[in-house]
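Q: Below is target-v6.json; it holds JSON, C-alpha atoms.
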```json
[["chain", "number", "residue", "atom", "x", "y", "z"],
["A", 226, "MET", "CA", -10.17, -12.21, 9.47],
["A", 227, "SER", "CA", -10.60, -11.09, 5.89],
["A", 228, "LYS", "CA", -9.00, -8.07, 4.30],
["A", 229, "ARG", "CA", -11.17, -5.00, 3.97],
["A", 230, "ARG", "CA", -12.54, -4.59, 0.47],
["A", 231, "TYR", "CA", -11.65, -1.00, -0.34],
["A", 232, "GLU", "CA", -13.41, -1.11, -3.68],
["A", 233, "ASP", "CA", -16.68, -1.33, -1.69],
["A", 234, "TYR", "CA", -15.76, 1.71, 0.42],
["A", 235, "GLU", "CA", -17.91, 4.78, -0.11],
["A", 236, "ASN", "CA", -16.22, 8.18, 0.18],
["A", 237, "VAL", "CA", -17.81, 11.37, 1.45],
["A", 238, "SER", "CA", -19.00, 13.37, -1.55],
["A", 239, "ALA", "CA", -17.28, 16.58, -2.63],
["A", 240, "ASP", "CA", -20.57, 18.42, -2.11],
["A", 241, "VAL", "CA", -20.68, 17.40, 1.56],
["A", 242, "ILE", "CA", -17.05, 18.49, 1.98],
["A", 243, "ARG", "CA", -17.77, 21.89, 0.39],
["A", 244, "LYS", "CA", -20.74, 22.41, 2.68],
["A", 245, "ALA", "CA", -18.69, 21.50, 5.74],
["A", 246, "TYR", "CA", -15.94, 23.88, 4.62],
["A", 247, "LYS", "CA", -18.49, 26.67, 4.39],
["A", 248, "GLY", "CA", -19.62, 26.00, 7.95],
["A", 249, "ASP", "CA", -22.56, 23.60, 7.53],
["A", 250, "ASN", "CA", -22.70, 21.72, 10.83],
["A", 251, "GLU", "CA", -24.76, 18.85, 9.43],
["A", 252, "ALA", "CA", -22.21, 18.24, 6.69],
["A", 253, "MET", "CA", -19.36, 18.34, 9.22],
["A", 254, "SER", "CA", -21.23, 15.83, 11.39],
["A", 255, "ARG", "CA", -21.55, 13.50, 8.39],
["A", 256, "ILE", "CA", -17.80, 13.66, 7.76],
["A", 257, "ILE", "CA", -16.94, 13.09, 11.41],
["A", 258, "ALA", "CA", -19.35, 10.15, 11.65],
["A", 259, "HIS", "CA", -17.88, 8.67, 8.47],
["A", 260, "TYR", "CA", -14.28, 8.77, 9.72],
["A", 261, "GLN", "CA", -14.85, 8.36, 13.48],
["A", 262, "ASN", "CA", -13.68, 4.74, 13.73],
["A", 263, "TYR", "CA", -10.65, 5.37, 11.57],
["A", 264, "GLY", "CA", -9.74, 8.43, 13.66],
["A", 265, "ARG", "CA", -10.04, 6.49, 16.91],
["A", 266, "LYS", "CA", -7.85, 3.69, 15.59],
["A", 267, "CYS", "CA", -5.17, 6.12, 14.42],
["A", 268, "PHE", "CA", -5.28, 8.07, 17.66],
["A", 269, "ARG", "CA", -4.97, 4.95, 19.80],
["A", 270, "THR", "CA", -2.00, 3.76, 17.75],
["A", 271, "ILE", "CA", -0.22, 7.11, 17.90],
["A", 272, "ALA", "CA", -0.94, 7.56, 21.62],
["A", 273, "SER", "CA", 0.50, 4.16, 22.50],
["A", 274, "THR", "CA", 3.42, 3.92, 20.06],
["A", 275, "VAL", "CA", 4.62, 7.51, 19.78],
["A", 276, "PHE", "CA", 3.73, 8.88, 23.20],
["A", 277, "ASP", "CA", 3.82, 5.63, 25.19],
["A", 278, "LEU", "CA", 0.39, 6.35, 26.73],
["A", 279, "ASP", "CA", -1.96, 3.73, 28.13],
["A", 280, "VAL", "CA", -5.05, 4.28, 25.98],
["A", 281, "ARG", "CA", -7.26, 2.57, 28.54],
["A", 282, "TYR", "CA", -7.07, 5.72, 30.64],
["A", 283, "ILE", "CA", -7.51, 8.36, 27.95],
["A", 284, "PRO", "CA", -10.94, 10.03, 27.68],
["A", 285, "MET", "CA", -11.20, 9.18, 23.98],
["A", 286, "ASP", "CA", -14.33, 11.21, 23.19],
["A", 287, "ASP", "CA", -12.79, 14.40, 24.55],
["A", 288, "LEU", "CA", -9.54, 13.86, 22.71],
["A", 289, "MET", "CA", -11.29, 12.98, 19.46],
["A", 290, "GLN", "CA", -13.25, 16.22, 19.68],
["A", 291, "LEU", "CA", -9.98, 18.14, 19.93],
["A", 292, "VAL", "CA", -8.57, 16.19, 16.99],
["A", 293, "TRP", "CA", -11.60, 17.06, 14.82],
["A", 294, "ILE", "CA", -11.39, 20.75, 15.74],
["A", 295, "LYS", "CA", -7.73, 20.82, 14.70],
["A", 296, "PHE", "CA", -8.56, 18.81, 11.56],
["A", 297, "VAL", "CA", -11.13, 21.37, 10.42],
["A", 298, "GLY", "CA", -8.63, 24.18, 10.93],
["A", 299, "VAL", "CA", -5.94, 22.41, 8.91],
["A", 300, "ILE", "CA", -8.34, 21.64, 6.06],
["A", 301, "ARG", "CA", -9.55, 25.25, 5.90],
["A", 302, "ASP", "CA", -5.98, 26.58, 5.93],
["A", 303, "LYS", "CA", -4.44, 24.20, 3.40],
["A", 304, "PHE", "CA", -7.09, 23.43, 0.79],
["A", 305, "ASP", "CA", -9.24, 25.44, -1.57],
["A", 306, "VAL", "CA", -12.51, 23.55, -1.57],
["A", 307, "SER", "CA", -14.60, 26.47, -2.77],
["A", 308, "ARG", "CA", -14.54, 25.27, -6.38],
["A", 309, "GLU", "CA", -17.91, 24.04, -7.62]]
```
Write out the structure in this file as structure tokens.
A:
Amino acid sequence: MSKRRYEDYENVSADVIRKAYKGDNEAMSRIIAHYQNYGRKCFRTIASTVFDLDVRYIPMDDLMQLVWIKFVGVIRDKFDVSRE
């Protein structure tokens, strides 16, 4: 298995992030789709190592939805993304 080539990784643009911050559902969907696999991997790791949960029995889609809702709240509370 080869190492991931991070120099080929494309980030979500600042414009998309600003739109999502302002409530644009399409922009938020783009961000969620972009980071979905990473979020699932992190959640599975945390669930099994920190909370000793068997991830085979966790309804992942429901939990990921809760994670994204909390994520949006944290971003809106902690960052000023209104700059153009």
Q: I'd like the interatomic distance between atom CA of A:Asn262 and atom CA of A:Lys247, to a tenth of an Å.
A: 24.3 Å
Q: Go through A:Asp249, A:Asp277, A:Ser238, A:Met289 and flag the residue nearest A:Tyr263, using all atoms listed in the file for the distances.
A: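 So, comparing all the options, the nearest one is A:Met289.
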Q: So for stretch 271-277 of chain A, what box centre and size do we get, axis-aligned, 5 Å extra on each of the six sides, every listed atom, Å to one decimal, as AutoDock Vina command-line options?
A:
```
--center_x 1.8 --center_y 6.4 --center_z 21.5 --size_x 15.6 --size_y 15.0 --size_z 17.3
```
Q: So what do you get for atom CA of A:Ser254 versus atom CA of A:Phe268, distance-wise?
A: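 One can read the atom CA of A:Ser254 to atom CA of A:Phe268 distance as 18.8 Å.
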Q: What is the distance between atom CA of A:Ala272 and atom CA of A:Leu288, in Å to one decimal?
A: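 Answer for the atom CA of A:Ala272 to atom CA of A:Leu288 separation: 10.7 Å.
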Q: Just checking: using all atoms listed in the file, which residue out of A:Lys244, A:His259, A:Arg265, A:Glu251 ends up closest to A:Asp287?
A: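 Of all the options, A:Arg265 lies closest to A:Asp287.
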Q: Residues within 12 Å of A:Gln290, please, as a PyMOL selection string. Count only C-alpha atoms; anything in the same chain fewer than 3 positions from it doesn't count.
A: chain A and resi 254+257-258+261+264-265+268+284-287+293-297
Q: Just checking: using all atoms listed in the file, which residue out of A:Lys266, A:Arg281, A:Arg255, A:Lys303 ends up closest to A:Asn236?
A: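 Between A:Lys266, A:Arg281, A:Arg255, A:Lys303, the residue approaching A:Asn236 most closely is A:Arg255.
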Q: Could you complete stretch 252-269 of chain A so that it carries N, CA and C atoms, and give it back as a tab-separated table (two decimals), in the frame of the given file?
A:
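Contents of out25.tsv, as written:
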```
chain	number	residue	atom	x	y	z
A	252	ALA	N	-23.20	18.84	7.58
A	252	ALA	CA	-22.21	18.24	6.69
A	252	ALA	C	-20.96	17.83	7.48
A	253	MET	N	-20.53	18.68	8.41
A	253	MET	CA	-19.36	18.34	9.22
A	253	MET	C	-19.65	17.11	10.07
A	254	SER	N	-20.85	17.01	10.60
A	254	SER	CA	-21.23	15.83	11.39
A	254	SER	C	-21.19	14.57	10.55
A	255	ARG	N	-21.59	14.67	9.27
A	255	ARG	CA	-21.55	13.50	8.39
A	255	ARG	C	-20.11	13.05	8.16
A	256	ILE	N	-19.21	14.00	7.98
A	256	ILE	CA	-17.80	13.66	7.76
A	256	ILE	C	-17.21	13.02	9.01
A	257	ILE	N	-17.47	13.62	10.16
A	257	ILE	CA	-16.94	13.09	11.41
A	257	ILE	C	-17.47	11.68	11.66
A	258	ALA	N	-18.76	11.48	11.46
A	258	ALA	CA	-19.35	10.15	11.65
A	258	ALA	C	-18.72	9.13	10.70
A	259	HIS	N	-18.45	9.56	9.48
A	259	HIS	CA	-17.88	8.67	8.47
A	259	HIS	C	-16.48	8.19	8.86
A	260	TYR	N	-15.67	9.09	9.42
A	260	TYR	CA	-14.28	8.77	9.72
A	260	TYR	C	-14.00	8.52	11.20
A	261	GLN	N	-15.03	8.48	12.03
A	261	GLN	CA	-14.85	8.36	13.48
A	261	GLN	C	-14.04	7.12	13.87
A	262	ASN	N	-14.40	5.97	13.36
A	262	ASN	CA	-13.68	4.74	13.73
A	262	ASN	C	-12.23	4.77	13.27
A	263	TYR	N	-12.01	5.27	12.08
A	263	TYR	CA	-10.65	5.37	11.57
A	263	TYR	C	-9.83	6.33	12.45
A	264	GLY	N	-10.42	7.46	12.81
A	264	GLY	CA	-9.74	8.43	13.66
A	264	GLY	C	-9.38	7.84	15.01
A	265	ARG	N	-10.29	7.12	15.60
A	265	ARG	CA	-10.04	6.49	16.91
A	265	ARG	C	-8.89	5.48	16.82
A	266	LYS	N	-8.91	4.69	15.76
A	266	LYS	CA	-7.85	3.69	15.59
A	266	LYS	C	-6.49	4.37	15.44
A	267	CYS	N	-6.44	5.40	14.61
A	267	CYS	CA	-5.17	6.12	14.42
A	267	CYS	C	-4.71	6.76	15.72
A	268	PHE	N	-5.65	7.38	16.43
A	268	PHE	CA	-5.28	8.07	17.66
A	268	PHE	C	-4.76	7.09	18.70
A	269	ARG	N	-5.42	5.96	18.84
A	269	ARG	CA	-4.97	4.95	19.80
A	269	ARG	C	-3.55	4.47	19.45
```
